file my_file-v1.txt (compact mmCIF, C-alpha atoms)
# COMPACT_ATOMS: atom_id res chain seq x y z
CA MET A 1 111.95 108.54 79.74
CA GLN A 2 109.43 107.19 82.23
CA ALA A 3 105.83 108.31 81.95
CA ASP A 4 104.21 110.02 84.91
CA ASN A 5 100.91 108.28 85.60
CA LYS A 6 100.21 109.14 89.22
CA ASN A 7 96.50 109.55 88.50
CA GLY A 8 96.05 106.60 86.14
CA PRO A 9 92.70 104.79 86.38
CA LEU A 10 94.42 101.68 87.76
CA LYS A 11 96.77 103.45 90.16
CA GLY A 12 97.05 101.35 93.32
CA ARG A 13 95.78 98.19 91.62
CA VAL A 14 97.88 95.02 91.62
CA ALA A 15 97.82 92.73 88.59
CA VAL A 16 99.39 89.41 87.66
CA VAL A 17 99.78 88.74 83.93
CA THR A 18 100.86 85.21 83.06
CA GLY A 19 102.78 84.41 79.90
CA ALA A 20 103.84 88.04 79.47
CA SER A 21 107.25 87.74 77.81
CA ARG A 22 105.79 88.52 74.40
CA GLY A 23 102.62 88.64 72.33
CA ALA A 24 99.26 89.08 74.02
CA GLY A 25 100.65 88.95 77.54
CA ARG A 26 103.16 91.68 76.85
CA GLY A 27 100.53 93.89 75.24
CA ILE A 28 98.24 93.47 78.24
CA ALA A 29 100.96 94.12 80.81
CA VAL A 30 102.13 97.27 79.03
CA GLU A 31 98.64 98.75 78.83
CA LEU A 32 97.99 97.98 82.49
CA GLY A 33 101.20 99.84 83.22
CA ALA A 34 100.01 102.76 81.09
CA ALA A 35 96.92 102.87 83.32
CA GLY A 36 99.13 103.08 86.42
CA ALA A 37 98.93 99.52 87.76
CA THR A 38 101.58 97.49 89.54
CA VAL A 39 102.05 94.49 87.26
CA TYR A 40 103.68 91.18 88.09
CA VAL A 41 105.00 90.01 84.74
CA THR A 42 105.40 86.24 84.73
CA GLY A 43 106.64 83.58 82.36
CA ARG A 44 109.70 81.45 81.67
CA SER A 45 111.77 83.70 79.40
CA THR A 46 114.30 85.95 81.10
CA ARG A 47 117.05 88.04 79.53
CA GLU A 48 119.61 85.48 80.62
CA ARG A 49 117.58 82.35 79.90
CA PRO A 50 114.85 82.22 77.25
CA ALA A 51 112.30 79.40 77.35
CA ASP A 52 113.72 76.36 75.56
CA THR A 53 110.56 74.68 74.22
CA TYR A 54 109.94 76.77 71.09
CA GLY A 55 112.55 75.26 68.77
CA GLN A 56 110.03 74.08 66.18
CA LEU A 57 108.25 77.43 66.02
CA LEU A 58 111.54 79.32 65.86
CA ALA A 59 112.57 77.20 62.88
CA LEU A 60 109.25 77.81 61.12
CA SER A 61 109.54 81.54 61.76
CA GLU A 62 113.21 81.59 60.71
CA LEU A 63 114.08 83.40 63.93
CA GLU A 64 117.48 82.87 65.50
CA ALA A 65 116.36 83.68 69.04
CA LEU A 66 113.12 83.72 71.00
CA PRO A 67 111.82 87.31 71.11
CA GLY A 68 110.98 89.00 74.39
CA SER A 69 111.44 88.32 78.08
CA ILE A 70 109.63 89.06 81.32
CA ASP A 71 112.40 91.52 82.21
CA GLU A 72 111.91 93.55 79.03
CA THR A 73 108.15 93.59 79.53
CA ALA A 74 108.47 94.69 83.15
CA ASP A 75 110.80 97.51 82.09
CA GLU A 76 108.24 98.67 79.52
CA VAL A 77 105.45 98.56 82.12
CA THR A 78 107.52 100.89 84.28
CA ARG A 79 108.36 103.19 81.36
CA MET A 80 104.65 103.49 80.63
CA GLY A 81 103.96 104.79 84.12
CA GLY A 82 103.14 101.68 86.12
CA ARG A 83 105.41 99.44 88.16
CA GLY A 84 106.65 96.30 86.45
CA ILE A 85 107.90 93.38 88.53
CA ALA A 86 109.33 90.39 86.66
CA VAL A 87 108.94 86.98 88.30
CA ARG A 88 110.09 83.85 86.51
CA CYS A 89 107.37 81.21 86.81
CA ASP A 90 106.71 78.01 84.93
CA HIS A 91 102.93 77.97 85.06
CA THR A 92 102.79 74.22 84.63
CA GLN A 93 104.48 73.78 88.01
CA GLU A 94 102.11 74.01 90.99
CA ASP A 95 104.83 74.90 93.51
CA GLU A 96 106.08 77.80 91.38
CA VAL A 97 102.57 79.19 90.89
CA LYS A 98 101.90 78.89 94.63
CA GLN A 99 105.12 80.76 95.38
CA LEU A 100 104.23 83.47 92.87
CA PHE A 101 100.95 84.35 94.57
CA ALA A 102 102.52 84.08 98.01
CA GLN A 103 105.08 86.65 96.87
CA VAL A 104 102.40 89.00 95.52
CA GLN A 105 100.42 88.76 98.76
CA ARG A 106 103.53 89.25 100.88
CA GLU A 107 104.73 92.28 98.93
CA GLN A 108 101.41 93.97 98.07
CA GLY A 109 98.85 92.57 100.50
CA ARG A 110 96.32 92.04 97.71
CA VAL A 111 95.77 91.05 94.08
CA ASP A 112 93.12 92.88 92.08
CA LEU A 113 93.54 91.33 88.66
CA LEU A 114 94.74 88.02 87.28
CA VAL A 115 95.15 87.73 83.53
CA ASN A 116 95.32 84.07 82.57
CA ASN A 117 97.32 84.11 79.37
CA ALA A 118 100.10 81.49 79.66
CA TRP A 119 99.62 79.17 76.68
CA GLY A 120 101.69 76.19 75.61
CA GLY A 121 99.92 75.53 72.32
CA HIS A 122 102.67 77.11 70.24
CA GLU A 123 105.27 74.69 71.55
CA THR A 124 104.09 71.89 69.24
CA PHE A 125 102.80 74.03 66.36
CA ALA A 126 104.04 72.57 63.06
CA GLY A 127 102.68 75.25 60.74
CA VAL A 128 99.52 73.30 59.84
CA PHE A 129 96.11 74.76 60.63
CA GLU A 130 93.45 73.06 58.57
CA ALA A 131 94.30 69.36 58.71
CA PRO A 132 91.70 66.80 59.84
CA PHE A 133 91.92 65.93 63.53
CA TRP A 134 93.24 62.44 62.83
CA GLU A 135 96.34 63.94 61.19
CA HIS A 136 97.25 66.25 64.06
CA PRO A 137 99.70 64.76 66.58
CA LEU A 138 98.45 64.06 70.09
CA SER A 139 101.30 66.23 71.35
CA ASN A 140 99.03 69.15 70.40
CA TRP A 141 96.58 67.99 73.06
CA ASP A 142 99.33 67.96 75.68
CA SER A 143 100.55 71.46 74.81
CA MET A 144 97.09 73.00 74.58
CA PHE A 145 95.51 71.32 77.59
CA ASP A 146 98.27 70.28 80.00
CA ARG A 147 100.30 73.45 79.27
CA GLY A 148 97.37 75.69 78.33
CA VAL A 149 94.00 75.13 79.97
CA ARG A 150 95.61 73.66 83.09
CA ASN A 151 97.83 76.74 83.45
CA HIS A 152 94.74 78.92 83.72
CA LEU A 153 93.04 76.67 86.24
CA LEU A 154 96.17 76.47 88.37
CA ALA A 155 96.66 80.24 88.56
CA GLY A 156 92.98 80.72 89.28
CA ARG A 157 93.13 78.28 92.20
CA PHE A 158 95.77 80.39 93.94
CA ALA A 159 94.40 83.83 93.02
CA ALA A 160 90.78 83.08 93.96
CA PRO A 161 91.24 82.67 97.74
CA LEU A 162 93.07 86.00 97.92
CA MET A 163 90.31 87.76 96.00
CA VAL A 164 87.57 86.07 97.99
CA ALA A 165 89.21 87.22 101.23
CA GLN A 166 89.21 90.84 100.04
CA GLN A 167 85.72 90.49 98.47
CA SER A 168 86.85 91.96 95.16
CA GLY A 169 88.88 91.12 92.10
CA LEU A 170 88.79 90.20 88.44
CA ILE A 171 90.10 87.16 86.57
CA VAL A 172 90.45 87.62 82.81
CA THR A 173 91.00 84.60 80.59
CA THR A 174 92.42 85.26 77.13
CA THR A 175 90.84 82.96 74.58
CA PHE A 176 89.66 82.91 70.99
CA TRP A 177 85.93 82.87 70.31
CA ASP A 178 83.97 83.20 67.11
CA ARG A 179 80.41 83.04 68.44
CA GLY A 180 80.26 79.27 68.46
CA ASN A 181 81.67 78.74 64.97
CA TYR A 182 84.16 75.91 64.50
CA LEU A 183 87.78 77.08 64.68
CA ARG A 184 88.98 74.59 62.03
CA ASP A 185 91.41 72.74 64.31
CA LEU A 186 89.71 70.30 66.67
CA PHE A 187 92.33 70.42 69.43
CA TYR A 188 92.50 74.23 69.29
CA ASP A 189 88.72 74.52 69.19
CA LEU A 190 88.38 72.26 72.24
CA ALA A 191 91.08 74.08 74.19
CA LYS A 192 89.69 77.54 73.56
CA SER A 193 86.17 76.35 74.33
CA ALA A 194 87.45 74.87 77.58
CA MET A 195 89.06 78.18 78.53
CA THR A 196 85.84 80.04 77.86
CA ARG A 197 83.90 77.53 79.93
CA LEU A 198 86.53 77.73 82.68
CA ALA A 199 85.98 81.48 82.90
CA PHE A 200 82.23 80.88 83.12
CA GLY A 201 82.51 78.22 85.82
CA MET A 202 84.83 80.34 87.95
CA ALA A 203 82.39 83.24 87.57
CA GLU A 204 79.54 81.15 88.92
CA GLU A 205 81.48 80.25 92.06
CA LEU A 206 83.14 83.65 92.59
CA ARG A 207 80.15 85.93 92.00
CA PRO A 208 78.75 85.60 95.57
CA HIS A 209 82.10 86.86 96.85
CA GLY A 210 82.17 90.01 94.71
CA VAL A 211 84.80 88.59 92.35
CA ALA A 212 84.35 88.63 88.56
CA SER A 213 85.64 86.18 85.96
CA LEU A 214 85.28 86.57 82.21
CA ALA A 215 86.95 85.69 78.91
CA VAL A 216 88.28 88.13 76.31
CA SER A 217 88.86 87.24 72.67
CA PRO A 218 91.24 89.30 70.52
CA GLY A 219 91.24 89.28 66.76
CA TRP A 220 94.25 88.36 64.64
CA MET A 221 97.16 89.89 66.51
CA ARG A 222 100.46 91.03 65.09
CA THR A 223 102.55 89.09 67.55
CA GLU A 224 106.26 88.70 67.07
CA PHE A 225 105.73 85.29 65.47
CA VAL A 226 103.02 86.52 63.09
CA LEU A 227 105.23 89.39 61.94
CA ALA A 228 108.15 87.01 61.46
CA ALA A 229 105.98 84.69 59.37
CA TYR A 230 105.28 87.58 57.01
CA LYS A 231 108.90 88.79 57.04
CA SER A 232 107.81 92.08 58.57
CA ASP A 233 107.90 94.10 61.78
CA GLU A 234 105.68 96.59 63.59
CA ALA A 235 107.11 99.48 61.55
CA HIS A 236 106.41 97.90 58.15
CA TRP A 237 103.37 95.62 58.52
CA ARG A 238 101.18 97.92 56.42
CA GLU A 239 103.28 96.92 53.41
CA GLN A 240 101.80 93.41 53.69
CA PRO A 241 98.17 93.42 52.42
CA ALA A 242 97.54 90.11 54.20
CA LEU A 243 98.05 91.85 57.55
CA ALA A 244 95.43 94.55 56.97
CA ARG A 245 92.96 92.86 59.32
CA THR A 246 95.45 92.48 62.15
CA GLU A 247 95.58 94.34 65.43
CA SER A 248 98.40 94.98 67.87
CA PRO A 249 98.59 93.04 71.14
CA ARG A 250 98.10 96.35 72.92
CA TYR A 251 94.55 96.56 71.53
CA LEU A 252 93.78 93.53 73.69
CA GLY A 253 95.67 95.20 76.52
CA ARG A 254 93.45 98.26 76.30
CA ALA A 255 90.39 96.03 76.49
CA VAL A 256 91.67 94.38 79.67
CA ALA A 257 92.58 97.74 81.19
CA ALA A 258 89.09 99.07 80.44
CA LEU A 259 87.47 96.06 82.08
CA ALA A 260 89.73 96.33 85.12
CA GLY A 261 88.74 99.97 85.51
CA ASP A 262 85.01 99.33 85.19
CA ALA A 263 83.33 99.58 88.59
CA ARG A 264 80.42 97.50 87.23
CA VAL A 265 82.52 94.70 85.75
CA LEU A 266 80.78 92.14 87.96
CA GLU A 267 77.77 92.56 85.68
CA LYS A 268 79.88 91.11 82.86
CA SER A 269 81.06 88.12 84.90
CA GLY A 270 80.76 84.78 83.12
CA GLY A 271 80.69 86.22 79.62
CA VAL A 272 83.07 86.11 76.68
CA TYR A 273 83.78 89.43 74.99
CA ARG A 274 85.48 90.31 71.72
CA VAL A 275 88.04 93.12 71.82
CA ALA A 276 86.37 94.87 68.87
CA ASP A 277 83.06 95.00 70.72
CA LEU A 278 84.70 96.25 73.91
CA ALA A 279 86.49 98.98 71.90
CA ARG A 280 83.14 100.34 70.78
CA GLU A 281 81.65 100.07 74.27
CA TYR A 282 84.52 101.72 76.13
CA GLY A 283 85.71 104.02 73.35
CA PHE A 284 89.36 102.96 73.01
CA THR A 285 91.37 102.43 69.83
CA ASP A 286 94.40 100.44 68.78
CA VAL A 287 97.83 102.06 68.84
CA ASP A 288 97.33 103.33 65.28
CA GLY A 289 94.05 105.05 66.14
CA ARG A 290 91.77 102.48 64.48
CA GLN A 291 88.90 100.57 65.98
CA VAL A 292 89.72 97.27 64.28
CA GLU A 293 86.74 95.19 63.21
CA ALA A 294 86.22 91.81 64.85
CA PHE A 295 88.08 88.95 63.18
CA GLU A 296 85.75 86.20 62.03
CA MET A 297 86.71 82.76 60.75
call {"tool": "encode", "arguments": {"input": "my_file-v1.txt", "output": "structure tokens"}}
result
Amino acid sequence: MQADNKNGPLKGRVAVVTGASRGAGRGIAVELGAAGATVYVTGRSTRERPADTYGQLLALSELEALPGSIDETADEVTRMGGRGIAVRCDHTQEDEVKQLFAQVQREQGRVDLLVNNAWGGHETFAGVFEAPFWEHPLSNWDSMFDRGVRNHLLAGRFAAPLMVAQQSGLIVTTTFWDRGNYLRDLFYDLAKSAMTRLAFGMAEELRPHGVASLAVSPGWMRTEFVLAAYKSDEAHWREQPALARTESPRYLGRAVAALAGDARVLEKSGGVYRVADLAREYGFTDVDGRQVEAFEM
């Protein structure tokens, strides 16, 4: 049954959510749909053809198939009351990103929100977090920067001129931030710091045009891969004490939806905000009714 959300706070808004097949991107897209937005759901995984670069992570997670697709996410956006539009896009490829935003402009005439979430860091993840930097392979740099930070910059380059022309818009960068504390993996720490700084730099240049840019940091999310690592699912995660501090990806989605609906969001431009803090400010909860405390390293 499709929800009726004709008067949702984001009705009439057009959003692009990158890397939305699963995890954080899916949670964000779904909550934007629940608020009534039209959401372009982008990524490489379709029902017919999942992304083929996650073999190592699939093996570690003991999963037979890559969970999620842009088509499934778009369908859920529509069921929640918005309008989901799936567009396959490899966000490392400039031509494909250019075509994506040309399509959005052609079909909608505007773009109000870009959520930069496409992240390649998981493609080389070998299950090791706390090894010294000299023991991590340089392939981690390539996945986190060339297929992570660069993805965000590339999408921003094509979204910004459209937003500048309409003198409004918001770019949200998903990151991880622990108030300047070291994230215990040098490559990961550098990549996430770069994303936060990217959001700040874009904010400085976009502010005179009425366009906001900011970074949002979730806590420890119960993504499909996290649940698989603990041999659990969304219906049974409470049976795992280690997952007590986790939050659903939709908690992050509610944070993004709240920011997108804030008429004074430009005042937040350039900052980095934790989902837990935004939950207290805007008064939303996770799907289980909790306001989950901020995750700290």
call {"tool": "closest_residue", "arguments": {"input": "my_file-v1.txt", "among": "A:Ala228, A:Val39, A:Met144, A:Met202", "to": "Val14 of chain A", "atoms": "all atoms listed in the file"}}
result
A:Val39
call {"tool": "residues_around", "arguments": {"input": "my_file-v1.txt", "residues": "Tyr230 of chain A", "least_positions_apart": "3", "cutoff": "12 Å", "atoms": "all atoms listed in the file", "output": "PyMOL selection string"}}
result
chain A and resi 60-63+222-227+233-234+236-243
call {"tool": "write_last_selection", "arguments": {"input": "my_file-v1.txt", "atoms": "C-alpha atoms", "output": "PDB file, keeping the file's coordinate frame"}}
result
ATOM      1  CA  LEU A  60     109.250  77.810  61.120  1.00  0.00           C
ATOM      2  CA  SER A  61     109.540  81.540  61.760  1.00  0.00           C
ATOM      3  CA  GLU A  62     113.210  81.590  60.710  1.00  0.00           C
ATOM      4  CA  LEU A  63     114.080  83.400  63.930  1.00  0.00           C
ATOM      5  CA  ARG A 222     100.460  91.030  65.090  1.00  0.00           C
ATOM      6  CA  THR A 223     102.550  89.090  67.550  1.00  0.00           C
ATOM      7  CA  GLU A 224     106.260  88.700  67.070  1.00  0.00           C
ATOM      8  CA  PHE A 225     105.730  85.290  65.470  1.00  0.00           C
ATOM      9  CA  VAL A 226     103.020  86.520  63.090  1.00  0.00           C
ATOM     10  CA  LEU A 227     105.230  89.390  61.940  1.00  0.00           C
ATOM     11  CA  ASP A 233     107.900  94.100  61.780  1.00  0.00           C
ATOM     12  CA  GLU A 234     105.680  96.590  63.590  1.00  0.00           C
ATOM     13  CA  HIS A 236     106.410  97.900  58.150  1.00  0.00           C
ATOM     14  CA  TRP A 237     103.370  95.620  58.520  1.00  0.00           C
ATOM     15  CA  ARG A 238     101.180  97.920  56.420  1.00  0.00           C
ATOM     16  CA  GLU A 239     103.280  96.920  53.410  1.00  0.00           C
ATOM     17  CA  GLN A 240     101.800  93.410  53.690  1.00  0.00           C
ATOM     18  CA  PRO A 241      98.170  93.420  52.420  1.00  0.00           C
ATOM     19  CA  ALA A 242      97.540  90.110  54.200  1.00  0.00           C
ATOM     20  CA  LEU A 243      98.050  91.850  57.550  1.00  0.00           C
TER      21      LEU A 243
END
call {"tool": "residues_around", "arguments": {"input": "my_file-v1.txt", "residues": "segment 24-37 of chain A", "least_positions_apart": "3", "cutoff": "8 Å", "atoms": "all atoms listed in the file", "output": "PyMOL selection string"}}
result
chain A and resi 5-15+17-21+41+73-74+76-78+80-84+117-118+221+223+248-254+256-257
call {"tool": "axis_aligned_box", "arguments": {"input": "my_file-v1.txt", "around": "segment 185-199 of chain A", "padding_each_side": "4 Å", "output": "AutoDock Vina command-line options"}}
result
--center_x 88.2 --center_y 75.9 --center_z 73.6 --size_x 16.6 --size_y 19.2 --size_z 26.6
call {"tool": "atom_distance", "arguments": {"input": "my_file-v1.txt", "atom1": "atom CA of Trp220 of chain A", "atom2": "atom CA of Thr246 of chain A"}}
result
5.0 Å
call {"tool": "closest_residue", "arguments": {"input": "my_file-v1.txt", "among": "A:Pro137, A:Gly120, A:Pro50, A:Pro218", "to": "Asp185 of chain A", "atoms": "only C-alpha atoms"}}
result
A:Pro137
call {"tool": "closest_residue", "arguments": {"input": "my_file-v1.txt", "among": "A:Ala212, A:Met195, A:Gln99, A:Trp134", "to": "Ala263 of chain A", "atoms": "only C-alpha atoms"}}
result
A:Ala212
call {"tool": "closest_residue", "arguments": {"input": "my_file-v1.txt", "among": "A:Val272, A:Ala235, A:Glu135, A:Trp141", "to": "Arg197 of chain A", "atoms": "all atoms listed in the file"}}
result
A:Val272
call {"tool": "atom_distance", "arguments": {"input": "my_file-v1.txt", "atom1": "atom CA of Arg22 of chain A", "atom2": "atom CA of Pro67 of chain A"}}
result
7.0 Å
call {"tool": "atom_distance", "arguments": {"input": "my_file-v1.txt", "atom1": "atom CA of Phe284 of chain A", "atom2": "atom CA of Ala255 of chain A"}}
result
7.8 Å
call {"tool": "closest_residue", "arguments": {"input": "my_file-v1.txt", "among": "A:Phe133, A:Tyr282, A:Phe158, A:Phe176", "to": "Ala294 of chain A", "atoms": "only C-alpha atoms"}}
result
A:Phe176
call {"tool": "closest_residue", "arguments": {"input": "my_file-v1.txt", "among": "A:Glu267, A:Lys192, A:Leu186, A:Ala260", "to": "Gly210 of chain A", "atoms": "all atoms listed in the file"}}
result
A:Glu267
call {"tool": "residues_near_point", "arguments": {"input": "my_file-v1.txt", "point": "(94.2, 69.2, 61.0)", "cutoff": "12 Å", "atoms": "only C-alpha atoms", "output": "PyMOL selection string"}}
result
chain A and resi 125-138+140+183-189
call {"tool": "residues_near_point", "arguments": {"input": "my_file-v1.txt", "point": "(84.8, 95.0, 90.0)", "cutoff": "7 Å", "atoms": "only C-alpha atoms", "output": "number ranges by chain"}}
result
A: 168-170, 211-212, 262-266
call {"tool": "decode", "arguments": {"input": "my_file-v1.txt", "residues": "segment 166-185 of chain A", "atoms": "N, CA, C and O atoms", "output": "PDB file, in the first residue's frame"}}
result
ATOM      1  N   GLN A 166      19.198  28.842  -9.573  1.00  0.00           N
ATOM      2  CA  GLN A 166      17.891  29.025  -8.939  1.00  0.00           C
ATOM      3  C   GLN A 166      18.001  29.753  -7.600  1.00  0.00           C
ATOM      4  O   GLN A 166      16.996  30.028  -6.949  1.00  0.00           O
ATOM      5  N   GLN A 167      19.263  30.052  -7.176  1.00  0.00           N
ATOM      6  CA  GLN A 167      19.521  30.806  -5.941  1.00  0.00           C
ATOM      7  C   GLN A 167      18.979  30.100  -4.695  1.00  0.00           C
ATOM      8  O   GLN A 167      18.556  30.735  -3.728  1.00  0.00           O
ATOM      9  N   SER A 168      19.043  28.777  -4.717  1.00  0.00           N
ATOM     10  CA  SER A 168      18.613  28.002  -3.551  1.00  0.00           C
ATOM     11  C   SER A 168      19.098  26.570  -3.716  1.00  0.00           C
ATOM     12  O   SER A 168      19.388  26.115  -4.826  1.00  0.00           O
ATOM     13  N   GLY A 169      19.170  25.862  -2.602  1.00  0.00           N
ATOM     14  CA  GLY A 169      19.566  24.466  -2.646  1.00  0.00           C
ATOM     15  C   GLY A 169      20.383  24.081  -1.434  1.00  0.00           C
ATOM     16  O   GLY A 169      20.845  24.935  -0.659  1.00  0.00           O
ATOM     17  N   LEU A 170      20.560  22.780  -1.268  1.00  0.00           N
ATOM     18  CA  LEU A 170      21.311  22.236  -0.145  1.00  0.00           C
ATOM     19  C   LEU A 170      22.110  21.034  -0.620  1.00  0.00           C
ATOM     20  O   LEU A 170      21.567  20.148  -1.289  1.00  0.00           O
ATOM     21  N   ILE A 171      23.387  21.010  -0.270  1.00  0.00           N
ATOM     22  CA  ILE A 171      24.236  19.846  -0.511  1.00  0.00           C
ATOM     23  C   ILE A 171      24.615  19.271   0.843  1.00  0.00           C
ATOM     24  O   ILE A 171      25.192  19.964   1.694  1.00  0.00           O
ATOM     25  N   VAL A 172      24.259  18.013   1.059  1.00  0.00           N
ATOM     26  CA  VAL A 172      24.588  17.306   2.304  1.00  0.00           C
ATOM     27  C   VAL A 172      25.639  16.258   2.003  1.00  0.00           C
ATOM     28  O   VAL A 172      25.470  15.438   1.094  1.00  0.00           O
ATOM     29  N   THR A 173      26.726  16.292   2.747  1.00  0.00           N
ATOM     30  CA  THR A 173      27.784  15.298   2.626  1.00  0.00           C
ATOM     31  C   THR A 173      27.713  14.361   3.825  1.00  0.00           C
ATOM     32  O   THR A 173      27.772  14.816   4.972  1.00  0.00           O
ATOM     33  N   THR A 174      27.553  13.052   3.579  1.00  0.00           N
ATOM     34  CA  THR A 174      27.595  12.110   4.689  1.00  0.00           C
ATOM     35  C   THR A 174      29.057  11.800   4.995  1.00  0.00           C
ATOM     36  O   THR A 174      29.858  11.551   4.105  1.00  0.00           O
ATOM     37  N   THR A 175      29.388  11.820   6.273  1.00  0.00           N
ATOM     38  CA  THR A 175      30.762  11.638   6.697  1.00  0.00           C
ATOM     39  C   THR A 175      30.768  10.888   8.018  1.00  0.00           C
ATOM     40  O   THR A 175      29.728  10.377   8.458  1.00  0.00           O
ATOM     41  N   PHE A 176      31.926  10.786   8.646  1.00  0.00           N
ATOM     42  CA  PHE A 176      31.968  10.374  10.047  1.00  0.00           C
ATOM     43  C   PHE A 176      32.898  11.335  10.760  1.00  0.00           C
ATOM     44  O   PHE A 176      34.002  11.615  10.283  1.00  0.00           O
ATOM     45  N   TRP A 177      32.442  11.843  11.891  1.00  0.00           N
ATOM     46  CA  TRP A 177      33.162  12.892  12.610  1.00  0.00           C
ATOM     47  C   TRP A 177      33.037  12.645  14.104  1.00  0.00           C
ATOM     48  O   TRP A 177      31.947  12.387  14.604  1.00  0.00           O
ATOM     49  N   ASP A 178      34.140  12.682  14.781  1.00  0.00           N
ATOM     50  CA  ASP A 178      34.126  12.513  16.232  1.00  0.00           C
ATOM     51  C   ASP A 178      34.856  13.679  16.888  1.00  0.00           C
ATOM     52  O   ASP A 178      35.797  13.495  17.652  1.00  0.00           O
ATOM     53  N   ARG A 179      34.451  14.879  16.501  1.00  0.00           N
ATOM     54  CA  ARG A 179      34.912  16.117  17.139  1.00  0.00           C
ATOM     55  C   ARG A 179      36.431  16.261  17.126  1.00  0.00           C
ATOM     56  O   ARG A 179      37.035  16.737  18.076  1.00  0.00           O
ATOM     57  N   GLY A 180      37.037  15.822  16.042  1.00  0.00           N
ATOM     58  CA  GLY A 180      38.475  15.976  15.904  1.00  0.00           C
ATOM     59  C   GLY A 180      39.287  14.834  16.451  1.00  0.00           C
ATOM     60  O   GLY A 180      40.518  14.811  16.296  1.00  0.00           O
ATOM     61  N   ASN A 181      38.662  13.851  17.092  1.00  0.00           N
ATOM     62  CA  ASN A 181      39.404  12.690  17.582  1.00  0.00           C
ATOM     63  C   ASN A 181      39.847  11.797  16.426  1.00  0.00           C
ATOM     64  O   ASN A 181      39.189  11.721  15.395  1.00  0.00           O
ATOM     65  N   TYR A 182      40.948  11.106  16.613  1.00  0.00           N
ATOM     66  CA  TYR A 182      41.493  10.232  15.572  1.00  0.00           C
ATOM     67  C   TYR A 182      40.590   9.015  15.384  1.00  0.00           C
ATOM     68  O   TYR A 182      40.161   8.387  16.362  1.00  0.00           O
ATOM     69  N   LEU A 183      40.319   8.650  14.143  1.00  0.00           N
ATOM     70  CA  LEU A 183      39.389   7.570  13.840  1.00  0.00           C
ATOM     71  C   LEU A 183      40.052   6.199  13.743  1.00  0.00           C
ATOM     72  O   LEU A 183      39.425   5.251  13.279  1.00  0.00           O
ATOM     73  N   ARG A 184      41.306   6.101  14.118  1.00  0.00           N
ATOM     74  CA  ARG A 184      42.021   4.826  14.318  1.00  0.00           C
ATOM     75  C   ARG A 184      42.338   4.067  13.032  1.00  0.00           C
ATOM     76  O   ARG A 184      42.732   2.905  13.062  1.00  0.00           O
ATOM     77  N   ASP A 185      42.156   4.705  11.912  1.00  0.00           N
ATOM     78  CA  ASP A 185      42.565   4.166  10.611  1.00  0.00           C
ATOM     79  C   ASP A 185      42.971   5.390   9.802  1.00  0.00           C
ATOM     80  O   ASP A 185      42.119   6.216   9.450  1.00  0.00           O
TER      81      ASP A 185
END
